[in-house]
Each structure stands twice: as C-alpha cells, then as structure tokens.
>>> print(open('final.cif').read())   # mmCIF, C-alpha atoms and all ligand atoms
data_upload
#
loop_
_atom_site.group_PDB
_atom_site.id
_atom_site.type_symbol
_atom_site.label_atom_id
_atom_site.label_comp_id
_atom_site.auth_asym_id
_atom_site.auth_seq_id
_atom_site.Cartn_x
_atom_site.Cartn_y
_atom_site.Cartn_z
ATOM 1 C CA MET A 292 30.768 55.565 -37.053
ATOM 2 C CA GLN A 293 27.157 55.511 -38.225
ATOM 3 C CA ILE A 294 24.936 53.256 -36.124
ATOM 4 C CA TYR A 295 21.408 52.360 -37.205
ATOM 5 C CA ILE A 296 18.709 52.381 -34.513
ATOM 6 C CA ASP A 297 15.073 52.040 -35.543
ATOM 7 C CA GLY A 298 15.244 54.078 -38.729
ATOM 8 C CA ASN A 299 17.845 56.626 -37.574
ATOM 9 C CA TRP A 300 21.583 56.833 -38.240
ATOM 10 C CA VAL A 301 23.470 58.189 -35.249
ATOM 11 C CA GLY A 302 27.059 58.571 -34.050
ATOM 12 C CA LYS A 303 28.504 56.310 -31.314
ATOM 13 C CA GLU A 304 27.821 58.834 -28.513
ATOM 14 C CA ASP A 305 24.169 59.094 -29.488
ATOM 15 C CA ALA A 306 23.614 55.362 -30.004
ATOM 16 C CA LYS A 307 21.471 54.749 -26.934
ATOM 17 C CA ILE A 308 18.442 52.637 -26.111
ATOM 18 C CA SER A 309 15.868 52.839 -23.313
ATOM 19 C CA VAL A 310 16.434 51.186 -19.925
ATOM 20 C CA PHE A 311 12.935 49.746 -20.448
ATOM 21 C CA ASP A 312 14.100 47.769 -23.476
ATOM 22 C CA HIS A 313 13.416 44.074 -22.870
ATOM 23 C CA GLY A 314 16.686 43.147 -24.566
ATOM 24 C CA LEU A 315 18.425 44.814 -21.626
ATOM 25 C CA LEU A 316 15.938 43.790 -18.930
ATOM 26 C CA TYR A 317 15.514 40.137 -19.940
ATOM 27 C CA GLY A 318 17.922 39.274 -22.753
ATOM 28 C CA ASP A 319 14.764 39.151 -24.874
ATOM 29 C CA GLY A 320 16.049 39.431 -28.417
ATOM 30 C CA VAL A 321 18.153 37.816 -31.127
ATOM 31 C CA PHE A 322 21.339 38.801 -32.910
ATOM 32 C CA GLU A 323 23.946 38.067 -35.558
ATOM 33 C CA GLY A 324 27.677 38.681 -35.845
ATOM 34 C CA ILE A 325 28.717 39.010 -39.480
ATOM 35 C CA ARG A 326 32.059 39.447 -41.236
ATOM 36 C CA ILE A 327 32.915 41.955 -43.954
ATOM 37 C CA TYR A 328 35.742 40.803 -46.213
ATOM 38 C CA ASN A 329 37.084 43.166 -48.838
ATOM 39 C CA GLY A 330 33.883 45.216 -48.915
ATOM 40 C CA THR A 331 31.549 42.222 -49.222
ATOM 41 C CA ILE A 332 29.353 40.745 -46.517
ATOM 42 C CA PHE A 333 30.235 37.093 -45.956
ATOM 43 C CA ARG A 334 27.191 34.811 -46.368
ATOM 44 C CA LEU A 335 24.728 37.671 -46.024
ATOM 45 C CA LYS A 336 21.669 35.606 -46.960
ATOM 46 C CA GLU A 337 22.587 32.819 -44.537
ATOM 47 C CA HIS A 338 23.013 35.250 -41.630
ATOM 48 C CA VAL A 339 19.706 36.981 -42.391
ATOM 49 C CA ARG A 340 17.980 33.588 -42.641
ATOM 50 C CA ARG A 341 19.394 32.470 -39.287
ATOM 51 C CA LEU A 342 18.322 35.764 -37.686
ATOM 52 C CA TYR A 343 14.759 35.353 -38.927
ATOM 53 C CA ASP A 344 14.749 31.687 -37.836
ATOM 54 C CA SER A 345 15.801 32.794 -34.329
ATOM 55 C CA ALA A 346 13.067 35.453 -34.399
ATOM 56 C CA ARG A 347 10.410 32.959 -35.574
ATOM 57 C CA ALA A 348 11.395 30.490 -32.869
ATOM 58 C CA THR A 349 10.980 33.194 -30.203
ATOM 59 C CA LEU A 350 7.789 34.743 -31.656
ATOM 60 C CA LEU A 351 9.589 37.998 -32.319
ATOM 61 C CA THR A 352 8.337 40.071 -35.245
ATOM 62 C CA ILE A 353 11.129 41.931 -37.032
ATOM 63 C CA PRO A 354 9.566 45.077 -38.537
ATOM 64 C CA MET A 355 11.009 44.558 -42.030
ATOM 65 C CA SER A 356 11.335 41.779 -44.598
ATOM 66 C CA GLU A 357 14.450 39.632 -45.033
ATOM 67 C CA GLU A 358 15.202 41.457 -48.302
ATOM 68 C CA GLU A 359 14.914 44.853 -46.580
ATOM 69 C CA MET A 360 17.206 43.625 -43.810
ATOM 70 C CA ALA A 361 19.834 42.527 -46.339
ATOM 71 C CA GLU A 362 19.585 45.963 -48.009
ATOM 72 C CA LEU A 363 19.943 47.684 -44.643
ATOM 73 C CA LEU A 364 23.132 45.753 -43.871
ATOM 74 C CA LEU A 365 24.614 46.684 -47.265
ATOM 75 C CA GLU A 366 23.696 50.323 -46.618
ATOM 76 C CA ALA A 367 25.332 50.194 -43.168
ATOM 77 C CA VAL A 368 28.590 48.839 -44.629
ATOM 78 C CA ALA A 369 28.585 51.485 -47.391
ATOM 79 C CA LYS A 370 27.787 54.336 -44.954
ATOM 80 C CA ASN A 371 30.660 53.297 -42.698
ATOM 81 C CA GLU A 372 33.012 52.809 -45.677
ATOM 82 C CA LYS A 373 34.249 49.583 -44.165
ATOM 83 C CA THR A 374 36.158 47.127 -46.347
ATOM 84 C CA ASP A 375 37.152 44.685 -43.603
ATOM 85 C CA GLY A 376 35.204 44.535 -40.409
ATOM 86 C CA TYR A 377 32.348 43.156 -38.407
ATOM 87 C CA ILE A 378 28.619 43.818 -38.262
ATOM 88 C CA ARG A 379 26.636 43.349 -35.069
ATOM 89 C CA LEU A 380 22.952 43.116 -35.870
ATOM 90 C CA VAL A 381 20.695 43.152 -32.823
ATOM 91 C CA ILE A 382 16.917 42.815 -32.611
ATOM 92 C CA THR A 383 15.386 43.368 -29.197
ATOM 93 C CA ARG A 384 11.759 42.833 -28.179
ATOM 94 C CA GLY A 385 11.689 46.619 -27.751
ATOM 95 C CA VAL A 386 10.517 48.986 -25.044
ATOM 96 C CA GLY A 387 7.837 47.744 -22.632
ATOM 97 C CA ASP A 388 6.823 47.624 -18.974
ATOM 98 C CA LEU A 389 9.180 46.399 -16.265
ATOM 99 C CA GLY A 390 7.384 43.038 -16.265
ATOM 100 C CA ILE A 391 8.507 40.135 -18.433
ATOM 101 C CA ASN A 392 5.393 40.221 -20.641
ATOM 102 C CA PRO A 393 6.541 40.708 -24.260
ATOM 103 C CA ALA A 394 3.029 41.889 -25.169
ATOM 104 C CA THR A 395 3.867 45.242 -23.486
ATOM 105 C CA CYS A 396 6.509 45.873 -26.173
ATOM 106 C CA PRO A 397 4.657 47.230 -29.227
ATOM 107 C CA GLU A 398 7.576 47.009 -31.648
ATOM 108 C CA ALA A 399 10.938 45.279 -31.849
ATOM 109 C CA SER A 400 14.060 47.452 -32.049
ATOM 110 C CA VAL A 401 16.575 47.011 -34.875
ATOM 111 C CA ILE A 402 20.204 47.979 -34.248
ATOM 112 C CA VAL A 403 23.089 47.700 -36.737
ATOM 113 C CA ILE A 404 26.664 48.437 -35.652
ATOM 114 C CA VAL A 405 29.572 48.256 -38.118
ATOM 115 C CA ASP A 406 32.958 48.155 -36.448
ATOM 116 C CA ASP A 407 36.507 46.900 -36.867
ATOM 117 C CA ILE A 408 37.019 43.230 -36.209
ATOM 118 C CA SER A 409 39.207 42.516 -33.182
ATOM 119 C CA LEU A 410 41.453 39.762 -34.470
ATOM 120 C CA TYR A 411 43.041 37.188 -32.192
ATOM 121 C CA PRO A 412 46.849 37.312 -31.913
ATOM 122 C CA GLU A 413 48.556 35.424 -34.755
ATOM 123 C CA GLU A 414 50.303 33.073 -32.299
ATOM 124 C CA HIS A 415 46.950 31.431 -31.528
ATOM 125 C CA TYR A 416 46.805 30.298 -35.141
ATOM 126 C CA THR A 417 50.421 29.223 -35.399
ATOM 127 C CA ARG A 418 50.730 27.531 -31.999
ATOM 128 C CA GLY A 419 47.132 26.574 -31.222
ATOM 129 C CA ILE A 420 45.206 27.185 -28.015
ATOM 130 C CA LYS A 421 44.469 25.340 -24.786
ATOM 131 C CA VAL A 422 40.840 24.715 -23.856
ATOM 132 C CA ILE A 423 39.072 23.109 -20.922
ATOM 133 C CA THR A 424 35.684 21.479 -20.502
ATOM 134 C CA ALA A 425 33.384 23.682 -18.435
ATOM 135 C CA SER A 426 31.284 22.195 -15.640
ATOM 136 C CA THR A 427 28.413 24.386 -16.914
ATOM 137 C CA ARG A 428 26.315 22.364 -19.384
ATOM 138 C CA ARG A 429 24.964 23.833 -22.629
ATOM 139 C CA ASN A 430 21.321 24.946 -22.505
ATOM 140 C CA SER A 431 19.147 21.989 -23.304
ATOM 141 C CA PRO A 432 17.260 22.189 -26.636
ATOM 142 C CA ASP A 433 14.018 21.680 -24.701
ATOM 143 C CA ALA A 434 14.728 24.901 -22.743
ATOM 144 C CA VAL A 435 16.187 27.597 -25.027
ATOM 145 C CA ASP A 436 17.322 25.710 -28.129
ATOM 146 C CA PRO A 437 21.009 26.593 -28.765
ATOM 147 C CA ARG A 438 20.150 26.954 -32.459
ATOM 148 C CA ILE A 439 18.378 30.183 -31.473
ATOM 149 C CA LYS A 440 21.009 32.940 -31.449
ATOM 150 C CA SER A 441 19.388 34.851 -28.608
ATOM 151 C CA LEU A 442 20.653 37.772 -26.531
ATOM 152 C CA ASN A 443 20.629 35.489 -23.505
ATOM 153 C CA TYR A 444 24.266 34.355 -23.320
ATOM 154 C CA LEU A 445 24.503 33.792 -19.574
ATOM 155 C CA ASN A 446 24.932 30.053 -20.104
ATOM 156 C CA ASN A 447 27.966 30.655 -22.340
ATOM 157 C CA ILE A 448 29.279 33.430 -20.073
ATOM 158 C CA MET A 449 29.329 31.045 -17.083
ATOM 159 C CA ALA A 450 31.480 28.667 -19.135
ATOM 160 C CA LYS A 451 33.666 31.533 -20.396
ATOM 161 C CA LEU A 452 34.370 32.505 -16.776
ATOM 162 C CA GLU A 453 35.487 28.943 -16.091
ATOM 163 C CA ALA A 454 37.798 29.111 -19.123
ATOM 164 C CA GLN A 455 39.315 32.364 -17.902
ATOM 165 C CA GLN A 456 39.820 31.011 -14.392
ATOM 166 C CA ALA A 457 41.732 28.114 -15.939
ATOM 167 C CA GLY A 458 43.831 30.502 -18.058
ATOM 168 C CA CYS A 459 42.147 29.417 -21.301
ATOM 169 C CA LEU A 460 40.571 31.364 -24.131
ATOM 170 C CA GLU A 461 37.676 28.986 -24.720
ATOM 171 C CA ALA A 462 35.747 26.238 -22.947
ATOM 172 C CA ILE A 463 33.932 23.199 -24.291
ATOM 173 C CA LEU A 464 30.307 22.857 -23.222
ATOM 174 C CA LEU A 465 28.742 19.422 -22.963
ATOM 175 C CA ASN A 466 25.041 18.860 -23.497
ATOM 176 C CA ARG A 467 22.766 17.365 -20.857
ATOM 177 C CA GLU A 468 23.666 13.827 -21.991
ATOM 178 C CA GLY A 469 27.377 14.563 -21.553
ATOM 179 C CA LYS A 470 28.084 14.716 -25.311
ATOM 180 C CA VAL A 471 30.179 17.568 -26.724
ATOM 181 C CA ALA A 472 27.989 20.478 -27.869
ATOM 182 C CA GLU A 473 30.239 23.423 -28.799
ATOM 183 C CA CYS A 474 32.313 26.188 -27.171
ATOM 184 C CA THR A 475 31.180 29.482 -25.621
ATOM 185 C CA GLY A 476 31.382 31.394 -28.899
ATOM 186 C CA ASP A 477 32.656 28.840 -31.406
ATOM 187 C CA ASN A 478 31.798 25.483 -32.930
ATOM 188 C CA ILE A 479 34.242 22.609 -32.523
ATOM 189 C CA PHE A 480 35.746 20.210 -35.089
ATOM 190 C CA TYR A 481 38.169 17.305 -34.813
ATOM 191 C CA ILE A 482 40.001 15.142 -37.319
ATOM 192 C CA ARG A 483 40.583 11.414 -37.069
ATOM 193 C CA ASP A 484 42.266 9.383 -39.816
ATOM 194 C CA GLY A 485 41.704 12.223 -42.264
ATOM 195 C CA VAL A 486 37.936 12.490 -41.587
ATOM 196 C CA LEU A 487 36.595 15.851 -40.427
ATOM 197 C CA LEU A 488 34.099 15.427 -37.579
ATOM 198 C CA THR A 489 31.890 17.830 -35.641
ATOM 199 C CA PRO A 490 29.013 17.418 -33.180
ATOM 200 C CA ALA A 491 25.655 17.306 -34.949
ATOM 201 C CA SER A 492 23.775 20.622 -34.594
ATOM 202 C CA ASP A 493 20.893 18.962 -32.716
ATOM 203 C CA GLN A 494 23.415 18.053 -29.978
ATOM 204 C CA GLY A 495 23.251 21.582 -28.543
ATOM 205 C CA ALA A 496 25.262 23.678 -30.987
ATOM 206 C CA LEU A 497 24.562 26.846 -32.888
ATOM 207 C CA LYS A 498 24.350 26.180 -36.625
ATOM 208 C CA GLY A 499 27.489 28.222 -37.223
ATOM 209 C CA ILE A 500 27.836 29.985 -40.552
ATOM 210 C CA THR A 501 31.603 29.378 -40.374
ATOM 211 C CA ARG A 502 30.913 25.723 -39.490
ATOM 212 C CA ASP A 503 28.901 25.270 -42.700
ATOM 213 C CA ALA A 504 31.512 27.087 -44.790
ATOM 214 C CA VAL A 505 34.341 24.966 -43.317
ATOM 215 C CA ILE A 506 32.437 21.736 -44.072
ATOM 216 C CA GLU A 507 31.875 22.945 -47.637
ATOM 217 C CA ALA A 508 35.553 23.909 -48.022
ATOM 218 C CA ALA A 509 36.737 20.533 -46.668
ATOM 219 C CA GLU A 510 34.392 18.623 -48.983
ATOM 220 C CA GLY A 511 35.677 20.775 -51.849
ATOM 221 C CA ILE A 512 39.180 19.366 -51.320
ATOM 222 C CA GLY A 513 37.845 15.814 -51.178
ATOM 223 C CA MET A 514 37.811 15.386 -47.420
ATOM 224 C CA GLU A 515 35.177 13.184 -45.831
ATOM 225 C CA THR A 516 33.088 15.100 -43.256
ATOM 226 C CA ARG A 517 30.599 13.869 -40.691
ATOM 227 C CA ALA A 518 28.334 15.615 -38.144
ATOM 228 C CA THR A 519 27.968 13.063 -35.391
ATOM 229 C CA PRO A 520 27.384 12.723 -31.633
ATOM 230 C CA SER A 521 30.821 13.244 -30.083
ATOM 231 C CA THR A 522 32.336 12.514 -26.679
ATOM 232 C CA LEU A 523 35.271 14.017 -24.806
ATOM 233 C CA TYR A 524 37.075 10.712 -25.471
ATOM 234 C CA ASP A 525 36.684 11.384 -29.215
ATOM 235 C CA LEU A 526 38.283 14.820 -28.754
ATOM 236 C CA TYR A 527 41.089 13.645 -26.444
ATOM 237 C CA THR A 528 42.114 10.914 -28.909
ATOM 238 C CA ALA A 529 41.680 12.960 -32.103
ATOM 239 C CA ASP A 530 44.623 13.637 -34.429
ATOM 240 C CA GLU A 531 43.708 17.323 -34.704
ATOM 241 C CA CYS A 532 41.124 19.733 -33.330
ATOM 242 C CA PHE A 533 40.049 23.292 -34.148
ATOM 243 C CA LEU A 534 37.319 25.824 -33.399
ATOM 244 C CA THR A 535 35.307 27.890 -35.876
ATOM 245 C CA GLY A 536 33.479 31.192 -35.561
ATOM 246 C CA THR A 537 32.870 34.445 -37.386
ATOM 247 C CA ALA A 538 35.520 36.314 -35.378
ATOM 248 C CA ALA A 539 38.012 33.468 -34.906
ATOM 249 C CA GLU A 540 37.576 31.886 -38.368
ATOM 250 C CA MET A 541 39.547 28.666 -37.628
ATOM 251 C CA ILE A 542 41.690 28.340 -34.496
ATOM 252 C CA PRO A 543 43.681 25.139 -33.853
ATOM 253 C CA VAL A 544 43.296 23.522 -30.413
ATOM 254 C CA THR A 545 46.389 21.727 -29.139
ATOM 255 C CA THR A 546 45.450 20.934 -25.525
ATOM 256 C CA ILE A 547 42.086 19.864 -24.048
ATOM 257 C CA ASP A 548 41.766 19.366 -20.281
ATOM 258 C CA GLY A 549 45.544 18.881 -20.036
ATOM 259 C CA ARG A 550 45.610 16.243 -22.826
ATOM 260 C CA THR A 551 47.875 17.018 -25.775
ATOM 261 C CA ILE A 552 45.972 16.649 -29.028
ATOM 262 C CA GLY A 553 47.904 14.775 -31.723
ATOM 263 C CA THR A 554 51.447 16.102 -31.892
ATOM 264 C CA GLY A 555 50.601 19.188 -29.818
ATOM 265 C CA THR A 556 50.989 21.541 -32.763
ATOM 266 C CA PRO A 557 48.425 22.627 -35.392
ATOM 267 C CA GLY A 558 48.173 19.668 -37.775
ATOM 268 C CA PRO A 559 48.488 19.342 -41.556
ATOM 269 C CA ASP A 560 44.792 18.603 -42.187
ATOM 270 C CA THR A 561 43.762 21.699 -40.212
ATOM 271 C CA ALA A 562 46.164 23.720 -42.388
ATOM 272 C CA ARG A 563 44.688 22.210 -45.573
ATOM 273 C CA VAL A 564 41.116 22.969 -44.469
ATOM 274 C CA ARG A 565 42.104 26.493 -43.409
ATOM 275 C CA GLU A 566 43.628 27.109 -46.820
ATOM 276 C CA ALA A 567 40.484 25.794 -48.552
ATOM 277 C CA PHE A 568 38.302 27.934 -46.269
ATOM 278 C CA GLN A 569 40.317 31.052 -47.109
ATOM 279 C CA ALA A 570 40.041 30.235 -50.816
ATOM 280 C CA LEU A 571 36.264 29.880 -50.404
ATOM 281 C CA ILE A 572 36.074 33.344 -48.787
ATOM 282 C CA LYS A 573 38.091 34.855 -51.667
ATOM 283 C CA ASN A 574 35.934 33.074 -54.210
ATOM 284 C CA GLU A 575 32.700 34.339 -52.643
ATOM 285 C CA GLU A 576 34.164 37.881 -52.480
ATOM 286 C CA GLN A 577 34.864 37.770 -56.212
ATOM 287 C CA THR A 578 31.427 36.387 -57.049
ATOM 288 C CA ALA A 579 29.785 39.108 -54.935
ATOM 289 C CA ALA A 580 31.944 41.817 -56.561
ATOM 290 C CA LYS A 581 30.784 40.728 -60.054
ATOM 291 C CA LYS A 582 27.094 41.153 -59.144
HETATM 292 N N1 LIG B 1 28.528 28.919 -31.109
HETATM 293 C C1 LIG B 1 28.193 29.999 -30.404
HETATM 294 C C2 LIG B 1 27.606 29.829 -29.059
HETATM 295 C C3 LIG B 1 28.388 31.285 -30.945
HETATM 296 O O1 LIG B 1 28.043 32.383 -30.253
HETATM 297 C C4 LIG B 1 28.952 31.412 -32.229
HETATM 298 C C5 LIG B 1 29.118 32.782 -32.859
HETATM 299 N N2 LIG B 1 30.129 33.526 -32.278
HETATM 300 C C6 LIG B 1 29.331 30.241 -32.917
HETATM 301 C C7 LIG B 1 29.073 29.010 -32.330
HETATM 302 C C8 LIG B 1 29.936 30.315 -34.283
HETATM 303 O O2 LIG B 1 28.961 30.696 -35.235
HETATM 304 P P1 LIG B 1 29.326 31.539 -36.534
HETATM 305 O O3 LIG B 1 30.292 30.721 -37.312
HETATM 306 O O4 LIG B 1 28.032 31.726 -37.232
HETATM 307 O O5 LIG B 1 29.946 32.812 -36.069
#
>>> encode(input="final.cif", output="structure tokens")
Amino acid sequence: MQIYIDGNWVGKEDAKISVFDHGLLYGDGVFEGIRIYNGTIFRLKEHVRRLYDSARATLLTIPMSEEEMAELLLEAVAKNEKTDGYIRLVITRGVGDLGINPATCPEASVIVIVDDISLYPEEHYTRGIKVITASTRRNSPDAVDPRIKSLNYLNNIMAKLEAQQAGCLEAILLNREGKVAECTGDNIFYIRDGVLLTPASDQGALKGITRDAVIEAAEGIGMETRATPSTLYDLYTADECFLTGTAAEMIPVTTIDGRTIGTGTPGPDTARVREAFQALIKNEEQTAAKK
C-alpha cells in the first residue's frame, strides 16, 4: 500500500502524522470518501469540488489546485493498482501549537489512502435494515453546516452509538426543527406513490455524491423526484425507504423506530432505482475508459 502524505509516498507502517496536527487535536480539517469502480474514480470532479467547497467554507487553504488534486488521486489509484476500492482523502489544518489557533499551522496536510472497500453483507441489500431515530440532533447549519464534510464527526458518532445500542446499523438524525436531516454516514430517501423523495440539502444533510447520482438515475427512468422538508411521519408512512452513501451505495430500510415500512421487504421501486444507479455507474466507467 502506497499512502501519500505531503508529497511523499510511504508504506502503511510509515504513514504517520504529528501529534501536534490540528486534525487530530481539534478535528480541524475536511475529507472525502471516494469509490473506485473498475479502475475509474466515480465522480472524481464532484468529489474534488465538494472537498474544495468544504475547505473554502472553513478557510482552509489546500496547497494545490483542484486539477492537481484530481491528478494526485489518479496517481494514487495507479500506484496502488486498485481496480475496485475506496479512496480516503484527508486535508488537515496541519501542524501547529497546542492551542486552537489555526494561524499557528503554516500549511495544511494532504493525505491520500487507497484501500479495499469493506462491503456490507449482501443480506442487508436483500432483506433491508432496521434503523432508529437518534435523540442526538444533527448539527445546525448555523453552527457547523452539515454540507461541510469536516473531520469533526462527533455529532454523527453520538448518533451511531445510539444506533448500536439499539442493535441497528444506522440512525436517523433530525435537524433542530425536528425535520429529518440524514443518517450518520448516509443520506435518506423514501418513496410514496411512485415519487422519490429526500430531505432538501439545506435541512441539515451532506450533499451526497451518491444522493445526486441516485436522483439522476431515477429521473433517467422517468421517476418523479423531489427534495423536500420531510418528517418522521413521512418516513413511517412511506411505501419504501433506502439509504445512500459511497460505501453503502443503496441500502433498503424496512423498519424505522419499530414501524414496518411498506410491506417490510425491499420494494420494487427501490429495486428499479438501484438497477438504474448501477447502470449509471457502468456507463460512467465506460465513458471514463474511453478518455
Ligand atoms: N451523510 C453523511 C453524514 C456522510 O458522512 C456521508 C458519506 N459517508 C453521506 C451522507 C453520503 O455521502 P456520499 O454519497 O457522498 O458518500
């Protein structure tokens, strides 16, 4: 494994950063999780754009251009000879004093790890998963905006702990107004009367790359889609529900807070959207391969 840290390629054992790094001390940094399918990086430009948006929003200067970053990611995939896998791209504020002041960190650190993707067991996709609503609310957009993919995941981790205590894989986070925001590491969708619905991204959700791709795939098969403020009632009474994320892709949800969703099994519209989403991935792979 060849890991990139600030201009150097090192093996796993040597991939170390300082204990004075503000990413470690304060969660001061931003990151991306990116999928490699068949040797191509899925939605490379979109991930790089989101990373730089997160950096801009947190006044973090990444010491290379967006084009150079895209090149670096391609180089990392080639160096690691990975055809299917996962890239973790991390930018930290860098090494500074023990105090919080980011001005003591002269330069941001850039880390690129290419690894295997740890896939969820197939039964989650065929049977669907149970989720609960966490009592922890999603960070409010007027604190740390959830559209910033920052290294500070404590909010989501608190909710993840609640999910685990309830024997669930994921938890739904509500925003401050009590509307559905997203899950700890996934966006949420539901289907009612054939319409695909998801909370609007200004309701406290990350603008998921998978979320966008799923909306595009659903529209491609003629499905109506809508990003709209959503309540738990909307989820409980939906015909179908599923989660999206880079690692999970699309996972059907069959129980929420003890309520059975629809028939209690992954529904036909979810299957149709999943098929369209997989076709979109294949299509983008082939387009990228021709370049
Ligand atoms: N929400 C949160 C909080 C996340 O961390 C993630 C990424 N794992 C997502 C949603 C899904 O985003 P993406 O489709 O870009 O992976």
>>> closest_residue(input="final.cif", among="A:Ala496, A:Ile327, A:Ala562, A:Ala518", to="ligand LIG 1 (chain B)", atoms="all atoms listed in the file")
A:Ala496
>>> resolve_selection(input="final.cif", expression="the PyMOL selection byres (((chain A and resi 397) around 9) and not hetatm)", output="ChimeraX atom specification")
/A:384-387,393-396,398-399
>>> closest_atom_pairs(input="final.cif", of="chain A", to="ligand LIG 1 (chain B)", cutoff="7 Å", atoms="only C-alpha atoms and all ligand atoms", output="tab-separated table")
residue	atom	partner	partner_atom	distance
A:Gly324	CA	B:LIG1	O5	6.3
A:Asn447	CA	B:LIG1	C2	6.8
A:Glu473	CA	B:LIG1	N1	6.2
A:Cys474	CA	B:LIG1	N1	6.1
A:Thr475	CA	B:LIG1	C2	5.0
A:Gly476	CA	B:LIG1	C3	3.6
A:Asp477	CA	B:LIG1	C7	3.7
A:Asn478	CA	B:LIG1	C7	4.5
A:Ala496	CA	B:LIG1	N1	6.2
A:Leu497	CA	B:LIG1	N1	4.8
A:Lys498	CA	B:LIG1	O2	6.6
A:Gly499	CA	B:LIG1	O2	3.5
A:Ile500	CA	B:LIG1	O4	3.8
A:Thr501	CA	B:LIG1	O3	3.6
A:Arg502	CA	B:LIG1	O3	5.5
A:Thr535	CA	B:LIG1	O3	5.9
A:Gly536	CA	B:LIG1	O3	3.7
A:Thr537	CA	B:LIG1	O5	3.6
A:Ala538	CA	B:LIG1	O5	6.6
>>> axis_aligned_box(input="final.cif", around="region 519-527 of chain A", padding_each_side="4 Å", output="lines of an AutoDock Vina configuration file")
center_x = 34.2
center_y = 12.8
center_z = -30.1
size_x = 21.7
size_y = 12.1
size_z = 18.6
>>> closest_residue(input="final.cif", among="A:Ala579, A:Met449, A:Ala457, A:Val368", to="Val422 (chain A)", atoms="all atoms listed in the file")
A:Ala457
>>> atom_distance(input="final.cif", atom1="CA of Val401 (chain A)", atom2="CA of Ile308 (chain A)")
10.6 Å
>>> closest_residue(input="final.cif", among="A:Ile420, A:Leu571, A:Leu452, A:Met514", to="Gly549 (chain A)", atoms="only C-alpha atoms")
A:Ile420
>>> residues_near_point(input="final.cif", point="(35.1, 40.4, -40.9)", cutoff="8 Å", atoms="only C-alpha atoms", output="VMD selection string")
chain A and resid 325 to 328 333 375 to 378 407 to 408 537 to 538
>>> write_last_selection(input="final.cif", atoms="C-alpha atoms", output="PDB file, in the coordinates of the input")
ATOM      1  CA  ILE A 325      28.717  39.010 -39.480  1.00  0.00           C
ATOM      2  CA  ARG A 326      32.059  39.447 -41.236  1.00  0.00           C
ATOM      3  CA  ILE A 327      32.915  41.955 -43.954  1.00  0.00           C
ATOM      4  CA  TYR A 328      35.742  40.803 -46.213  1.00  0.00           C
ATOM      5  CA  PHE A 333      30.235  37.093 -45.956  1.00  0.00           C
ATOM      6  CA  ASP A 375      37.152  44.685 -43.603  1.00  0.00           C
ATOM      7  CA  GLY A 376      35.204  44.535 -40.409  1.00  0.00           C
ATOM      8  CA  TYR A 377      32.348  43.156 -38.407  1.00  0.00           C
ATOM      9  CA  ILE A 378      28.619  43.818 -38.262  1.00  0.00           C
ATOM     10  CA  ASP A 407      36.507  46.900 -36.867  1.00  0.00           C
ATOM     11  CA  ILE A 408      37.019  43.230 -36.209  1.00  0.00           C
ATOM     12  CA  THR A 537      32.870  34.445 -37.386  1.00  0.00           C
ATOM     13  CA  ALA A 538      35.520  36.314 -35.378  1.00  0.00           C
TER      14      ALA A 538
END
>>> resolve_selection(input="final.cif", expression="the PyMOL selection byres (((chain A and resi 480) around 9) and not hetatm)", output="ChimeraX atom specification")
/A:473,478-479,481-482,487-490,502,526,531-535
>>> write_last_selection(input="final.cif", atoms="C-alpha atoms", output="mmCIF file, keeping the file's coordinate frame")
data_model
loop_
_atom_site.group_PDB
_atom_site.id
_atom_site.type_symbol
_atom_site.label_atom_id
_atom_site.label_comp_id
_atom_site.auth_asym_id
_atom_site.auth_seq_id
_atom_site.Cartn_x
_atom_site.Cartn_y
_atom_site.Cartn_z
ATOM 1 C CA GLU A 473 30.239 23.423 -28.799
ATOM 2 C CA ASN A 478 31.798 25.483 -32.930
ATOM 3 C CA ILE A 479 34.242 22.609 -32.523
ATOM 4 C CA TYR A 481 38.169 17.305 -34.813
ATOM 5 C CA ILE A 482 40.001 15.142 -37.319
ATOM 6 C CA LEU A 487 36.595 15.851 -40.427
ATOM 7 C CA LEU A 488 34.099 15.427 -37.579
ATOM 8 C CA THR A 489 31.890 17.830 -35.641
ATOM 9 C CA PRO A 490 29.013 17.418 -33.180
ATOM 10 C CA ARG A 502 30.913 25.723 -39.490
ATOM 11 C CA LEU A 526 38.283 14.820 -28.754
ATOM 12 C CA GLU A 531 43.708 17.323 -34.704
ATOM 13 C CA CYS A 532 41.124 19.733 -33.330
ATOM 14 C CA PHE A 533 40.049 23.292 -34.148
ATOM 15 C CA LEU A 534 37.319 25.824 -33.399
ATOM 16 C CA THR A 535 35.307 27.890 -35.876
#
>>> residues_around(input="final.cif", residues="His415 (chain A)", least_positions_apart="4", cutoff="8 Å", atoms="only C-alpha atoms", output="PyMOL selection string")
chain A and resi 411+419-420+542-543
>>> write_last_selection(input="final.cif", atoms="C-alpha atoms", output="tab-separated table (two decimals), in the coordinates of the input")
chain	number	residue	atom	x	y	z
A	411	TYR	CA	43.04	37.19	-32.19
A	419	GLY	CA	47.13	26.57	-31.22
A	420	ILE	CA	45.21	27.18	-28.02
A	542	ILE	CA	41.69	28.34	-34.50
A	543	PRO	CA	43.68	25.14	-33.85
